[in-house]
Amino acid sequence: MLKQSELNNALKILQSQGVIAYPTESVFGLGCDPDCEAAIQKILLLKQRPAHKGLILIAASIEQLEKYADFSLLTDTQLTEIKKTWPGPTTWIVPCQKNLSKLISGDFDSVAVRVTAHPIVRQICLAFAKPIISTSANLSGLEAALNSQQINNMFKNNPLLTLVIDAPVSGLSTPTQIFDASTGKRLR
């Protein structure tokens, strides 16, 4: 868990269009306020990632995702399957709300969402009172960073990255799984 001063610093950065790097279940992620297009653009520039691919939202609860994902378009069975895996390292592709930024959904009418079990990310999302963007901390096409030292080496004090939280990932040895909620098929 983050100390209160560290948490306050992370929240201040998220609230002021900043980008943070933080540990997740398997790798470090880059995150920002999903309602701030300027911050999302910073992540895309930092990663050199095309916007059409879309990004993941990570949250402390399913309720935090309801502004972004339209769970009403899923069946009770589909929702039950999703809820069985949360909190945890499983990301689901679900229908998105009509007003969701294309910087998040990319070329799709869906959004990738996850309720995390990682205590630091949960702490941040609970204090921020909403989800954050979660995309692997790496330059597009390269291996994702597993610790703060790898992030510092990869991004070499890039001013687009405001804060690196120095804490361990949860130890999952493979990237989190991604499933399509409408078909149940595993995509990653």
# chains A, B, ... in the order shown; residues from 1 in each chain; ligands from 1

call {"tool": "residues_around", "arguments": {"residues": "segment 116-121 of chain A", "least_positions_apart": "5", "cutoff": "12 Å", "atoms": "only C-alpha atoms", "output": "number ranges by chain"}}
result
A: 1-4, 6-7, 10-11, 20-32, 56-62, 64-65, 83, 85-92, 126-134, 165-172, 176

call {"tool": "residues_around", "arguments": {"residues": "Thr183 of chain A", "least_positions_apart": "2", "cutoff": "12 Å", "atoms": "only C-alpha atoms", "output": "list in words"}}
result
Leu74, Thr75, Thr77, Gln78, Glu81, Ile82, Trp92, Ile93, Val94, Ile178, Phe179, Asp180, Ala181, Lys185, Arg186 and Leu187 of chain A

call {"tool": "atom_distance", "arguments": {"atom1": "atom CA of Ala137 of chain A", "atom2": "atom CA of Glu63 of chain A"}}
result
25.7 Å

call {"tool": "residues_around", "arguments": {"residues": "Gly54 of chain A", "least_positions_apart": "3", "cutoff": "7 Å", "atoms": "only C-alpha atoms", "output": "list of chain:residue names"}}
result
A:Ala51, A:Leu103, A:Ile104, A:Ser105, A:Gly106

call {"tool": "select_by_dssp", "arguments": {"residues": "segment 109-171 of chain A", "states": "helix (DSSP H, G or I)", "output": "number ranges by chain"}}
result
A: 119-128, 148-155

call {"tool": "atom_distance", "arguments": {"atom1": "atom CA of Lys67 of chain A", "atom2": "atom CA of Gln97 of chain A"}}
result
7.0 Å

call {"tool": "select_by_dssp", "arguments": {"residues": "segment 123-166 of chain A", "states": "strand (DSSP E)", "output": "ChimeraX atom specification"}}
result
/A:132-136,163-164

call {"tool": "closest_residue", "arguments": {"among": "A:Pro50, A:Thr162, A:Thr80, A:Ala145", "to": "Ser16 of chain A", "atoms": "only C-alpha atoms"}}
result
A:Thr162

call {"tool": "closest_residue", "arguments": {"among": "A:Thr174, A:Ser72, A:Ser101, A:Ser110", "to": "Leu146 of chain A", "atoms": "only C-alpha atoms"}}
result
A:Thr174

call {"tool": "atom_distance", "arguments": {"atom1": "atom CA of Ala112 of chain A", "atom2": "atom CA of Ala69 of chain A"}}
result
8.6 Å

call {"tool": "closest_residue", "arguments": {"among": "A:Lys53, A:Ser136, A:Gly141, A:Tyr68", "to": "Phe108 of chain A", "atoms": "only C-alpha atoms"}}
result
A:Lys53

call {"tool": "closest_residue", "arguments": {"among": "A:Gln15, A:Asn8, A:Gln149, A:Gln123", "to": "Asp33 of chain A", "atoms": "only C-alpha atoms"}}
result
A:Gln15
